[in-house]
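For reference, final.pdb is printed below; it contains PDB, C-alpha atoms.
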ATOM      1  CA  SER V   1     117.920  87.322  24.040
ATOM      2  CA  THR V   2     114.351  87.712  25.240
ATOM      3  CA  SER V   3     113.454  84.400  23.614
ATOM      4  CA  ILE V   4     115.890  82.401  25.760
ATOM      5  CA  MET V   5     115.405  83.238  29.420
ATOM      6  CA  VAL V   6     116.636  81.093  32.272
ATOM      7  CA  LEU V   7     115.518  81.087  35.883
ATOM      8  CA  ASN V   8     118.051  82.719  38.182
ATOM      9  CA  ASP V   9     119.216  79.679  40.165
ATOM     10  CA  ALA V  10     119.154  77.337  37.189
ATOM     11  CA  ASN V  11     121.481  79.163  34.824
ATOM     12  CA  LYS V  12     124.431  76.852  35.406
ATOM     13  CA  ILE V  13     122.561  73.605  34.846
ATOM     14  CA  ALA V  14     120.387  74.530  31.872
ATOM     15  CA  ARG V  15     123.072  74.034  29.236
ATOM     16  CA  ARG V  16     120.883  72.331  26.644
ATOM     17  CA  LEU V  17     117.379  72.971  27.893
ATOM     18  CA  ILE V  18     115.924  76.271  26.680
ATOM     19  CA  ILE V  19     113.613  77.839  29.234
ATOM     20  CA  HIS V  20     110.807  80.203  28.255
ATOM     21  CA  GLN V  21     109.124  82.410  30.833
ATOM     22  CA  SER V  22     106.820  84.338  28.515
ATOM     23  CA  ILE V  23     104.057  83.269  26.159
ATOM     24  CA  SER V  24     105.564  85.271  23.291
ATOM     25  CA  SER V  25     108.862  83.416  23.701
ATOM     26  CA  ILE V  26     107.407  79.897  23.591
ATOM     27  CA  ARG V  27     105.185  80.861  20.646
ATOM     28  CA  ALA V  28     108.130  82.269  18.700
ATOM     29  CA  PHE V  29     109.965  78.988  19.179
ATOM     30  CA  ARG V  30     106.914  76.985  18.076
ATOM     31  CA  HIS V  31     106.424  79.043  14.949
ATOM     32  CA  SER V  32     110.067  78.475  14.009
ATOM     33  CA  LEU V  33     109.474  74.741  13.605
ATOM     34  CA  ILE V  34     108.620  73.544  10.113
ATOM     35  CA  LYS V  35     107.277  70.028   9.626
ATOM     36  CA  LYS V  36     108.525  68.835  12.997
ATOM     37  CA  SER V  37     106.419  66.953  15.529
ATOM     38  CA  VAL V  38     106.202  68.336  19.058
ATOM     39  CA  GLY V  39     105.571  66.180  22.111
ATOM     40  CA  PHE V  40     104.243  68.114  25.100
ATOM     41  CA  VAL V  41     104.367  67.103  28.769
ATOM     42  CA  PRO V  42     102.417  69.583  30.932
ATOM     43  CA  THR V  43     103.157  69.384  34.668
ATOM     44  CA  MET V  44     102.844  71.323  37.923
ATOM     45  CA  GLY V  45     106.452  70.507  38.804
ATOM     46  CA  ALA V  46     107.829  68.498  41.748
ATOM     47  CA  LEU V  47     108.697  65.922  39.111
ATOM     48  CA  HIS V  48     108.991  62.175  39.729
ATOM     49  CA  LYS V  49     109.486  59.022  37.660
ATOM     50  CA  GLY V  50     105.891  59.147  36.455
ATOM     51  CA  HIS V  51     106.470  62.514  34.795
ATOM     52  CA  LEU V  52     109.797  61.340  33.413
ATOM     53  CA  SER V  53     108.191  58.277  31.827
ATOM     54  CA  LEU V  54     105.992  60.696  29.872
ATOM     55  CA  VAL V  55     109.091  62.604  28.796
ATOM     56  CA  GLU V  56     110.755  59.414  27.569
ATOM     57  CA  GLU V  57     107.692  58.445  25.527
ATOM     58  CA  ALA V  58     107.507  61.942  24.070
ATOM     59  CA  LYS V  59     111.192  61.767  23.093
ATOM     60  CA  ASP V  60     110.638  58.430  21.396
ATOM     61  CA  LYS V  61     107.688  59.602  19.315
ATOM     62  CA  ASN V  62     108.495  63.241  18.430
ATOM     63  CA  ASP V  63     111.191  65.437  16.927
ATOM     64  CA  VAL V  64     111.038  68.022  19.717
ATOM     65  CA  VAL V  65     109.953  67.683  23.366
ATOM     66  CA  VAL V  66     108.432  70.561  25.329
ATOM     67  CA  ALA V  67     107.527  70.414  29.015
ATOM     68  CA  SER V  68     105.739  72.976  31.139
ATOM     69  CA  ILE V  69     105.797  73.701  34.854
ATOM     70  CA  PHE V  70     102.966  75.806  36.215
ATOM     71  CA  VAL V  71     101.072  75.389  39.477
ATOM     72  CA  ASN V  72      97.617  76.320  38.247
ATOM     73  CA  PRO V  73      95.677  78.386  40.812
ATOM     74  CA  ALA V  74      92.394  77.932  38.923
ATOM     75  CA  GLN V  75      92.164  74.252  39.904
ATOM     76  CA  PHE V  76      92.648  74.814  43.637
ATOM     77  CA  ALA V  77      89.737  75.602  45.939
ATOM     78  CA  PRO V  78      90.305  78.226  48.682
ATOM     79  CA  ASN V  79      90.718  75.486  51.326
ATOM     80  CA  GLU V  80      93.198  73.432  49.268
ATOM     81  CA  ASP V  81      96.995  73.294  49.137
ATOM     82  CA  LEU V  82      97.967  75.895  46.517
ATOM     83  CA  ASP V  83     100.418  77.683  48.812
ATOM     84  CA  LYS V  84     102.104  74.536  50.121
ATOM     85  CA  TYR V  85     102.081  72.521  46.880
ATOM     86  CA  PRO V  86     105.655  71.161  46.435
ATOM     87  CA  ARG V  87     107.877  73.421  44.359
ATOM     88  CA  GLN V  88     111.438  72.443  43.369
ATOM     89  CA  ILE V  89     112.129  74.310  40.134
ATOM     90  CA  THR V  90     115.927  73.933  40.189
ATOM     91  CA  ARG V  91     115.724  70.170  40.698
ATOM     92  CA  ASP V  92     112.991  69.899  38.063
ATOM     93  CA  ILE V  93     115.158  71.694  35.497
ATOM     94  CA  GLU V  94     118.042  69.335  36.293
ATOM     95  CA  LEU V  95     115.774  66.322  35.695
ATOM     96  CA  LEU V  96     114.333  67.670  32.459
ATOM     97  CA  THR V  97     117.803  68.503  31.193
ATOM     98  CA  GLU V  98     119.122  65.035  32.083
ATOM     99  CA  HIS V  99     116.204  63.416  30.260
ATOM    100  CA  GLY V 100     116.679  65.394  27.081
ATOM    101  CA  VAL V 101     113.761  67.827  27.093
ATOM    102  CA  ASP V 102     114.401  70.531  24.506
ATOM    103  CA  HIS V 103     112.221  73.385  25.747
ATOM    104  CA  LEU V 104     110.558  74.240  29.048
ATOM    105  CA  PHE V 105     107.700  76.712  29.436
ATOM    106  CA  ALA V 106     107.847  77.901  33.065
ATOM    107  CA  PRO V 107     105.848  81.076  33.723
ATOM    108  CA  PRO V 108     107.322  82.615  36.889
ATOM    109  CA  SER V 109     104.039  84.155  38.052
ATOM    110  CA  HIS V 110     100.326  83.399  37.851
ATOM    111  CA  ASN V 111      99.717  86.735  36.132
ATOM    112  CA  ILE V 112     101.392  85.534  32.949
ATOM    113  CA  MET V 113      98.711  82.887  32.479
ATOM    114  CA  TYR V 114      95.864  84.759  34.179
ATOM    115  CA  GLU V 115      96.109  88.496  33.663
ATOM    116  CA  PRO V 116      93.978  90.649  35.995
ATOM    117  CA  LYS V 117      91.453  91.192  33.176
ATOM    118  CA  HIS V 118      91.104  87.428  32.538
ATOM    119  CA  ILE V 119      87.401  86.443  32.368
ATOM    120  CA  THR V 120      87.240  83.438  30.025
ATOM    121  CA  PHE V 121      87.151  79.881  31.374
ATOM    122  CA  VAL V 122      86.457  76.468  29.834
ATOM    123  CA  ASP V 123      83.567  74.880  31.750
ATOM    124  CA  PRO V 124      83.126  71.176  30.854
ATOM    125  CA  GLN V 125      79.519  70.191  31.375
ATOM    126  CA  GLY V 126      78.825  67.288  33.707
ATOM    127  CA  PHE V 127      82.240  66.923  35.311
ATOM    128  CA  ASP V 128      81.197  68.697  38.512
ATOM    129  CA  GLU V 129      78.621  65.920  38.924
ATOM    130  CA  ILE V 130      81.082  63.018  38.943
ATOM    131  CA  PRO V 131      82.439  62.037  42.393
ATOM    132  CA  GLU V 132      85.765  63.884  42.083
ATOM    133  CA  GLY V 133      83.942  66.955  40.812
ATOM    134  CA  ARG V 134      81.564  66.933  43.765
ATOM    135  CA  ALA V 135      84.505  66.576  46.148
ATOM    136  CA  ARG V 136      86.398  69.431  44.467
ATOM    137  CA  PRO V 137      83.942  71.983  42.986
ATOM    138  CA  GLY V 138      85.485  73.972  40.142
ATOM    139  CA  PHE V 139      88.487  71.653  39.847
ATOM    140  CA  PHE V 140      87.686  70.401  36.341
ATOM    141  CA  ARG V 141      86.890  73.931  35.142
ATOM    142  CA  GLY V 142      90.373  74.948  36.253
ATOM    143  CA  VAL V 143      92.011  71.947  34.600
ATOM    144  CA  ALA V 144      90.074  72.424  31.363
ATOM    145  CA  THR V 145      91.004  76.098  31.217
ATOM    146  CA  ILE V 146      94.740  75.694  31.816
ATOM    147  CA  VAL V 147      95.066  72.714  29.458
ATOM    148  CA  THR V 148      93.255  74.625  26.707
ATOM    149  CA  LYS V 149      95.510  77.643  27.242
ATOM    150  CA  LEU V 150      98.666  75.507  27.203
ATOM    151  CA  PHE V 151      97.544  73.668  24.077
ATOM    152  CA  ASN V 152      96.896  77.017  22.355
ATOM    153  CA  ILE V 153     100.309  78.327  23.378
ATOM    154  CA  VAL V 154     102.469  75.266  22.624
ATOM    155  CA  GLN V 155     100.395  73.784  19.766
ATOM    156  CA  PRO V 156     101.776  70.274  20.247
ATOM    157  CA  THR V 157     101.435  67.331  17.910
ATOM    158  CA  ARG V 158     100.982  64.992  20.878
ATOM    159  CA  ALA V 159     100.368  65.612  24.578
ATOM    160  CA  TYR V 160     101.217  63.122  27.325
ATOM    161  CA  PHE V 161      99.359  62.357  30.566
ATOM    162  CA  GLY V 162      99.326  59.627  33.212
ATOM    163  CA  GLN V 163      96.467  57.189  33.763
ATOM    164  CA  LYS V 164      96.615  57.941  37.516
ATOM    165  CA  ASP V 165      94.470  61.000  36.872
ATOM    166  CA  ALA V 166      91.840  59.053  34.936
ATOM    167  CA  ALA V 167      89.088  61.667  35.064
ATOM    168  CA  GLN V 168      91.489  64.388  33.922
ATOM    169  CA  SER V 169      92.649  62.220  31.019
ATOM    170  CA  CYS V 170      89.044  61.624  29.999
ATOM    171  CA  LEU V 171      88.318  65.359  30.250
ATOM    172  CA  ILE V 172      91.336  66.315  28.143
ATOM    173  CA  GLN V 173      90.339  63.907  25.392
ATOM    174  CA  ARG V 174      86.865  65.484  25.421
ATOM    175  CA  ILE V 175      88.366  68.981  25.146
ATOM    176  CA  VAL V 176      90.440  67.977  22.143
ATOM    177  CA  ASP V 177      87.468  66.294  20.442
ATOM    178  CA  ASP V 178      84.852  68.921  21.269
ATOM    179  CA  LEU V 179      87.012  71.930  20.387
ATOM    180  CA  ASN V 180      88.434  70.290  17.240
ATOM    181  CA  MET V 181      92.050  70.478  18.314
ATOM    182  CA  ASN V 182      94.542  68.706  16.064
ATOM    183  CA  ILE V 183      96.348  67.043  18.987
ATOM    184  CA  GLU V 184      96.852  63.381  19.833
ATOM    185  CA  VAL V 185      96.244  62.738  23.538
ATOM    186  CA  CYS V 186      98.516  59.959  24.814
ATOM    187  CA  VAL V 187      97.702  58.403  28.194
ATOM    188  CA  LEU V 188     100.380  56.178  29.753
ATOM    189  CA  ASP V 189     100.140  53.637  32.545
ATOM    190  CA  THR V 190     100.487  54.807  36.134
ATOM    191  CA  VAL V 191     104.050  54.559  37.470
ATOM    192  CA  ARG V 192     104.161  53.123  40.982
ATOM    193  CA  GLU V 193     106.589  52.742  43.834
ATOM    194  CA  ILE V 194     107.844  49.218  44.565
ATOM    195  CA  ASP V 195     105.081  48.771  47.154
ATOM    196  CA  GLY V 196     102.351  49.827  44.710
ATOM    197  CA  LEU V 197     101.705  53.418  45.790
ATOM    198  CA  ALA V 198     101.150  55.594  42.730
ATOM    199  CA  MET V 199     103.901  58.172  42.334
ATOM    200  CA  SER V 200     102.575  61.629  43.123
ATOM    201  CA  SER V 201     104.057  64.990  44.041
ATOM    202  CA  ARG V 202     101.705  65.094  47.020
ATOM    203  CA  ASN V 203     103.202  61.917  48.507
ATOM    204  CA  ALA V 204     105.704  64.304  50.099
ATOM    205  CA  TYR V 205     102.947  65.326  52.534
ATOM    206  CA  LEU V 206     102.845  61.838  54.101
ATOM    207  CA  SER V 207     104.585  61.209  57.413
ATOM    208  CA  MET V 208     106.833  58.138  57.657
ATOM    209  CA  GLU V 209     104.063  56.161  59.338
ATOM    210  CA  GLU V 210     101.448  57.280  56.813
ATOM    211  CA  ARG V 211     103.765  56.462  53.922
ATOM    212  CA  LYS V 212     104.205  52.901  55.201
ATOM    213  CA  VAL V 213     100.461  52.210  55.098
ATOM    214  CA  ALA V 214      99.545  54.266  52.001
ATOM    215  CA  PRO V 215      99.840  51.225  49.665
ATOM    216  CA  ILE V 216      96.496  50.087  51.133
ATOM    217  CA  ILE V 217      94.952  52.285  48.435
ATOM    218  CA  TYR V 218      96.478  50.226  45.633
ATOM    219  CA  GLU V 219      95.751  47.000  47.506
ATOM    220  CA  SER V 220      92.071  47.919  47.708
ATOM    221  CA  LEU V 221      91.950  48.523  43.959
ATOM    222  CA  CYS V 222      93.738  45.250  43.275
ATOM    223  CA  ALA V 223      91.241  43.450  45.507
ATOM    224  CA  THR V 224      88.285  44.718  43.505
ATOM    225  CA  ARG V 225      90.065  43.858  40.237
ATOM    226  CA  ASP V 226      90.608  40.298  41.476
ATOM    227  CA  VAL V 227      86.954  39.975  42.474
ATOM    228  CA  PHE V 228      85.870  41.192  39.043
ATOM    229  CA  MET V 229      88.229  38.796  37.253
ATOM    230  CA  SER V 230      87.121  35.840  39.375
ATOM    231  CA  ARG V 231      83.883  35.294  37.491
ATOM    232  CA  GLN V 232      82.379  35.906  34.081
ATOM    233  CA  GLY V 233      79.376  37.993  33.098
ATOM    234  CA  ASP V 234      78.060  41.343  34.270
ATOM    235  CA  PHE V 235      79.125  42.491  37.702
ATOM    236  CA  PRO V 236      77.211  44.819  40.064
ATOM    237  CA  SER V 237      79.167  48.000  40.715
ATOM    238  CA  ALA V 238      77.974  48.045  44.332
ATOM    239  CA  GLU V 239      79.817  44.800  45.049
ATOM    240  CA  LEU V 240      83.028  46.207  43.595
ATOM    241  CA  LYS V 241      82.707  49.361  45.683
ATOM    242  CA  ASN V 242      82.134  47.345  48.837
ATOM    243  CA  THR V 243      85.292  45.349  48.179
ATOM    244  CA  VAL V 244      87.338  48.557  48.058
ATOM    245  CA  ILE V 245      85.701  50.007  51.176
ATOM    246  CA  THR V 246      86.124  46.794  53.165
ATOM    247  CA  LYS V 247      89.839  46.667  52.349
ATOM    248  CA  LEU V 248      90.417  50.346  53.172
ATOM    249  CA  LYS V 249      88.716  49.963  56.529
ATOM    250  CA  THR V 250      91.304  47.389  57.601
ATOM    251  CA  GLU V 251      93.819  50.240  57.965
ATOM    252  CA  LYS V 252      93.249  52.482  60.987
ATOM    253  CA  LEU V 253      95.208  55.385  59.470
ATOM    254  CA  VAL V 254      92.642  55.681  56.668
ATOM    255  CA  SER V 255      90.785  58.464  58.442
ATOM    256  CA  GLU V 256      88.162  59.225  55.778
ATOM    257  CA  ILE V 257      86.803  57.555  52.638
ATOM    258  CA  GLN V 258      85.400  60.392  50.548
ATOM    259  CA  TYR V 259      84.125  58.233  47.707
ATOM    260  CA  VAL V 260      84.558  55.018  45.768
ATOM    261  CA  SER V 261      83.243  55.126  42.221
ATOM    262  CA  VAL V 262      82.856  52.646  39.366
ATOM    263  CA  ASP V 263      82.718  54.584  36.121
ATOM    264  CA  SER V 264      82.516  54.265  32.369
ATOM    265  CA  ARG V 265      85.962  54.223  30.796
ATOM    266  CA  ALA V 266      84.746  56.554  28.039
ATOM    267  CA  THR V 267      82.855  59.181  30.046
ATOM    268  CA  MET V 268      83.861  58.705  33.709
ATOM    269  CA  LYS V 269      80.151  58.701  34.556
ATOM    270  CA  PRO V 270      79.094  56.189  37.255
ATOM    271  CA  ILE V 271      77.648  52.899  36.022
ATOM    272  CA  ASP V 272      75.569  50.326  37.917
ATOM    273  CA  VAL V 273      76.800  47.197  36.136
ATOM    274  CA  VAL V 274      80.227  46.359  34.705
ATOM    275  CA  GLY V 275      80.262  44.240  31.569
ATOM    276  CA  ASP V 276      82.972  42.887  29.291
ATOM    277  CA  GLY V 277      84.140  46.404  28.442
ATOM    278  CA  GLY V 278      85.364  46.916  32.001
ATOM    279  CA  ALA V 279      85.297  50.126  34.006
ATOM    280  CA  VAL V 280      87.449  52.564  35.935
ATOM    281  CA  VAL V 281      87.398  52.124  39.710
ATOM    282  CA  SER V 282      88.514  55.294  41.482
ATOM    283  CA  LEU V 283      88.530  56.512  45.051
ATOM    284  CA  ALA V 284      89.459  59.421  47.241
ATOM    285  CA  CYS V 285      90.445  58.934  50.854
ATOM    286  CA  LYS V 286      92.605  60.452  53.539
ATOM    287  CA  VAL V 287      95.568  58.709  55.101
ATOM    288  CA  GLY V 288      95.995  60.663  58.292
ATOM    289  CA  SER V 289      95.280  64.208  57.128
ATOM    290  CA  VAL V 290      96.580  63.727  53.578
ATOM    291  CA  ARG V 291      94.041  63.325  50.756
TER     292      ARG V 291
END
Please express the file's structure as structure tokens.
Amino acid sequence: STSIMVLNDANKIARRLIIHQSISSIRAFRHSLIKKSVGFVPTMGALHKGHLSLVEEAKDKNDVVVASIFVNPAQFAPNEDLDKYPRQITRDIELLTEHGVDHLFAPPSHNIMYEPKHITFVDPQGFDEIPEGRARPGFFRGVATIVTKLFNIVQPTRAYFGQKDAAQSCLIQRIVDDLNMNIEVCVLDTVREIDGLAMSSRNAYLSMEERKVAPIIYESLCATRDVFMSRQGDFPSAELKNTVITKLKTEKLVSEIQYVSVDSRATMKPIDVVGDGGAVVSLACKVGSVR
């Protein structure tokens, strides 16, 4: 059947998980559902416990769970890691099957999502001006475009994301609100290793020595949280940033601090003073050569 296609190496393990490699196939499945809620977990693969926590929440709250695996070229700059981004499709299918995902949308080539004649992109205003946008020009345009396309294809009731990517989560909520999509965006807490390092597919790039010191990132964020909680009233953002920077500089393998930002939780725009409503403190740095 053209509506149930499995990847070559995964045929033996995908006993319950139905894998779709074409847009028409996943749409046909979606249209077959009547009055059933669909939880959607979009990913770029190389799955870890953070992704699987989203799957578990989706299972708990929906009748059907759909995941996607697609390494989106539109969110990578020419000098970034598109070609070496971790890919482990067979292992990912095993994990999704074990965790009870019902359907997987896994386009086998970029051309399925971006045909040669593709000219339409979603360009969220202002996101290229926030620190992560300045560090990665075009990144949020690529994210906004692929998320909009996936939402149009899968038409989920709820979509699940991790708080680790705070700016992305903020952007996706804006897309849903601004484009009047009938989707509930669910953002779950960051899942961390025992030593505090946020789980990430790119952690695989770290050498053994770099991996040992990488928790300094979380420690620097905890330090600024503790400073903020230590006294009442408004707090200057500059002091919070300096706390992060000072902590990061204690580790010699932190080779570059690209930015530290204190931002509004609602808009991810930088703020000068943090009040009772709190803020999001984010940073980008390199440990060795790994961003």
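Of the residues listed (V:Val64, V:Val55, V:Leu197, V:Ile130), V:Val64 shows the shortest atom-to-atom separation from Lys35 in chain V; distances use only C-alpha atoms.
The list of residues with at least one atom within 9 Å of Asn242 in chain V, based on all atoms listed in the file and without residues fewer than 5 positions apart in the same chain, reads Thr224, Ser237, Lys247 and Val260 of chain V.
Take CA of Arg174 in chain V and CA of Ala67 in chain V: the distance between them is 21.5 Å.
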Give as an mmCIF file with C-alpha atoms, in the coordinates of the input every residue, naming chains and numbers as the document does, that has an atom within 10 Å of (73.2, 50.0, 33.7), counting only C-alpha atoms.
data_model
loop_
_atom_site.group_PDB
_atom_site.id
_atom_site.type_symbol
_atom_site.label_atom_id
_atom_site.label_comp_id
_atom_site.auth_asym_id
_atom_site.auth_seq_id
_atom_site.Cartn_x
_atom_site.Cartn_y
_atom_site.Cartn_z
ATOM 1 C CA ASP V 234 78.060 41.343 34.270
ATOM 2 C CA PRO V 236 77.211 44.819 40.064
ATOM 3 C CA SER V 237 79.167 48.000 40.715
ATOM 4 C CA PRO V 270 79.094 56.189 37.255
ATOM 5 C CA ILE V 271 77.648 52.899 36.022
ATOM 6 C CA ASP V 272 75.569 50.326 37.917
ATOM 7 C CA VAL V 273 76.800 47.197 36.136
ATOM 8 C CA VAL V 274 80.227 46.359 34.705
ATOM 9 C CA GLY V 275 80.262 44.240 31.569
#
Among listed residues V:Lys149, V:Lys286, V:Arg136, V:Lys269, nearest Glu210 in chain V (using all atoms listed in the file): V:Lys286
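Compared by their closest atoms to Ala214 in chain V, and using all atoms listed in the file, the residues V:Thr190, V:Thr246, V:Met229, V:Ser289 rank with V:Ser289 nearest.
Atom to atom, CA of Leu82 in chain V and CA of Asp263 in chain V stand 28.2 Å apart.
Listed by chain and then by number, the residues chosen by the PyMOL selection byres ((chain V and resi 172) around 10) in this file are Pro124, Phe140, Val143, Ala144, Val147, Thr148, Ala159, Phe161, Ala166, Ala167, Gln168, Ser169, Cys170, Leu171, Gln173, Arg174, Ile175, Val176, Asp177, Asp178 and Val185 of chain V.
Evaluated against the shown file, the PyMOL selection byres ((chain V and resi 184) around 8) gives Thr157, Arg158, Ala159, Asn182, Ile183, Val185 and Cys186 of chain V.
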Restrict the selected residues to C-alpha atoms and save them as a PDB file, in the frame of the given file.
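So out.pdb came out as:
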ATOM      1  CA  THR V 157     101.435  67.331  17.910  1.00  0.00           C
ATOM      2  CA  ARG V 158     100.982  64.992  20.878  1.00  0.00           C
ATOM      3  CA  ALA V 159     100.368  65.612  24.578  1.00  0.00           C
ATOM      4  CA  ASN V 182      94.542  68.706  16.064  1.00  0.00           C
ATOM      5  CA  ILE V 183      96.348  67.043  18.987  1.00  0.00           C
ATOM      6  CA  VAL V 185      96.244  62.738  23.538  1.00  0.00           C
ATOM      7  CA  CYS V 186      98.516  59.959  24.814  1.00  0.00           C
TER       8      CYS V 186
END
Give me, as a list in words, all polymer residues having an atom no more than 12 Å from Thr120 in chain V, counting all atoms listed in the file and skipping those fewer than 5 positions away in the same chain. Ala74, Met113, Tyr114, Glu115, Arg141, Gly142, Ala144, Thr145, Ile146, Thr148 and Lys149 of chain V
Applied to the shown file, which residues does the PyMOL selection byres ((chain V and resi 45) around 8) return, written as a PyMOL selection string? chain V and resi 43-44+46-47+69-71+86-89+92+201
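The closest residue to Lys252 in chain V, picked from V:Gly233, V:Gly288, V:Gly278, V:Gly126 and counting only C-alpha atoms, is V:Gly288.
Of the residues listed (V:Val154, V:Cys222, V:Ala135, V:Ile18), V:Val154 shows the shortest atom-to-atom separation from Arg30 in chain V; distances use all atoms listed in the file.
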Near Thr243 in chain V, counting all atoms listed in the file, which residues have an atom at most 9 Å away, once you skip same-chain residues fewer than 3 positions from it, shown as a list in words? Ser220, Leu221, Ala223, Thr224, Val227, Ala238, Glu239, Leu240, Thr246, Lys247 and Leu248 of chain V
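The gap separating CA of Val280 in chain V from CA of Arg225 in chain V is 10.1 Å, in Å to one decimal.
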I'd like the contact shell of Glu193 in chain V - 10 Å cut-off, all atoms listed in the file, skipping same-chain residues fewer than 6 positions apart - returned as an NGL selection string. :V and (49-50 or 199-200 or 215)
With all atoms listed in the file as the counted atoms, please give the residues lying no more than 12 Å from Val101 in chain V, apart from itself and same-chain residues fewer than 2 positions off, as JSON, numbers by chain. {"V": [14, 15, 16, 17, 18, 19, 38, 39, 40, 41, 51, 52, 54, 55, 56, 57, 58, 59, 60, 62, 63, 64, 65, 66, 67, 68, 92, 93, 94, 95, 96, 97, 98, 99, 103, 104, 105]}
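Distances to Ser53 in chain V were evaluated for V:Pro116, V:Gly162, V:Pro107, V:Gly196 using only C-alpha atoms, and the minimum falls at V:Gly162.
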Residue rebuild result range 259-265 of chain V, all heavy atoms as a PDB file, keeping the file's coordinate frame:
ATOM      1  N   TYR V 259      84.984  58.922  48.668  1.00  0.00           N
ATOM      2  CA  TYR V 259      84.125  58.233  47.707  1.00  0.00           C
ATOM      3  C   TYR V 259      84.853  57.046  47.117  1.00  0.00           C
ATOM      4  O   TYR V 259      86.091  56.988  47.111  1.00  0.00           O
ATOM      5  CB  TYR V 259      83.645  59.167  46.582  1.00  0.00           C
ATOM      6  CG  TYR V 259      84.734  59.624  45.613  1.00  0.00           C
ATOM      7  CD1 TYR V 259      85.181  58.800  44.577  1.00  0.00           C
ATOM      8  CD2 TYR V 259      85.299  60.886  45.736  1.00  0.00           C
ATOM      9  CE1 TYR V 259      86.167  59.207  43.704  1.00  0.00           C
ATOM     10  CE2 TYR V 259      86.295  61.302  44.863  1.00  0.00           C
ATOM     11  CZ  TYR V 259      86.721  60.463  43.855  1.00  0.00           C
ATOM     12  OH  TYR V 259      87.705  60.869  42.982  1.00  0.00           O
ATOM     13  N   VAL V 260      84.077  56.091  46.644  1.00  0.00           N
ATOM     14  CA  VAL V 260      84.558  55.018  45.768  1.00  0.00           C
ATOM     15  C   VAL V 260      83.587  54.993  44.598  1.00  0.00           C
ATOM     16  O   VAL V 260      82.370  54.985  44.798  1.00  0.00           O
ATOM     17  CB  VAL V 260      84.586  53.648  46.472  1.00  0.00           C
ATOM     18  CG1 VAL V 260      85.007  52.558  45.486  1.00  0.00           C
ATOM     19  CG2 VAL V 260      85.521  53.675  47.677  1.00  0.00           C
ATOM     20  N   SER V 261      84.110  55.022  43.386  1.00  0.00           N
ATOM     21  CA  SER V 261      83.243  55.126  42.221  1.00  0.00           C
ATOM     22  C   SER V 261      83.638  54.101  41.158  1.00  0.00           C
ATOM     23  O   SER V 261      84.832  53.828  40.965  1.00  0.00           O
ATOM     24  CB  SER V 261      83.313  56.536  41.627  1.00  0.00           C
ATOM     25  OG  SER V 261      82.332  56.729  40.635  1.00  0.00           O
ATOM     26  N   VAL V 262      82.650  53.551  40.498  1.00  0.00           N
ATOM     27  CA  VAL V 262      82.856  52.646  39.366  1.00  0.00           C
ATOM     28  C   VAL V 262      82.266  53.338  38.152  1.00  0.00           C
ATOM     29  O   VAL V 262      81.054  53.575  38.086  1.00  0.00           O
ATOM     30  CB  VAL V 262      82.196  51.277  39.606  1.00  0.00           C
ATOM     31  CG1 VAL V 262      82.413  50.360  38.398  1.00  0.00           C
ATOM     32  CG2 VAL V 262      82.747  50.626  40.870  1.00  0.00           C
ATOM     33  N   ASP V 263      83.120  53.669  37.195  1.00  0.00           N
ATOM     34  CA  ASP V 263      82.718  54.584  36.121  1.00  0.00           C
ATOM     35  C   ASP V 263      82.996  54.022  34.732  1.00  0.00           C
ATOM     36  O   ASP V 263      83.872  53.169  34.545  1.00  0.00           O
ATOM     37  CB  ASP V 263      83.484  55.906  36.270  1.00  0.00           C
ATOM     38  CG  ASP V 263      83.307  56.525  37.636  1.00  0.00           C
ATOM     39  OD1 ASP V 263      82.175  56.543  38.132  1.00  0.00           O
ATOM     40  OD2 ASP V 263      84.319  56.990  38.207  1.00  0.00           O
ATOM     41  N   SER V 264      82.271  54.567  33.767  1.00  0.00           N
ATOM     42  CA  SER V 264      82.516  54.265  32.369  1.00  0.00           C
ATOM     43  C   SER V 264      83.916  54.709  31.972  1.00  0.00           C
ATOM     44  O   SER V 264      84.358  55.814  32.323  1.00  0.00           O
ATOM     45  CB  SER V 264      81.490  54.983  31.487  1.00  0.00           C
ATOM     46  OG  SER V 264      81.926  55.070  30.145  1.00  0.00           O
ATOM     47  N   ARG V 265      84.615  53.870  31.252  1.00  0.00           N
ATOM     48  CA  ARG V 265      85.962  54.223  30.796  1.00  0.00           C
ATOM     49  C   ARG V 265      85.932  55.369  29.790  1.00  0.00           C
ATOM     50  O   ARG V 265      86.905  56.120  29.678  1.00  0.00           O
ATOM     51  CB  ARG V 265      86.635  52.999  30.170  1.00  0.00           C
ATOM     52  CG  ARG V 265      86.846  51.870  31.170  1.00  0.00           C
ATOM     53  CD  ARG V 265      87.316  50.590  30.491  1.00  0.00           C
ATOM     54  NE  ARG V 265      88.642  50.730  29.906  1.00  0.00           N
ATOM     55  CZ  ARG V 265      89.275  49.782  29.234  1.00  0.00           C
ATOM     56  NH1 ARG V 265      88.695  48.603  29.069  1.00  0.00           N
ATOM     57  NH2 ARG V 265      90.466  49.980  28.748  1.00  0.00           N
TER      58      ARG V 265
END
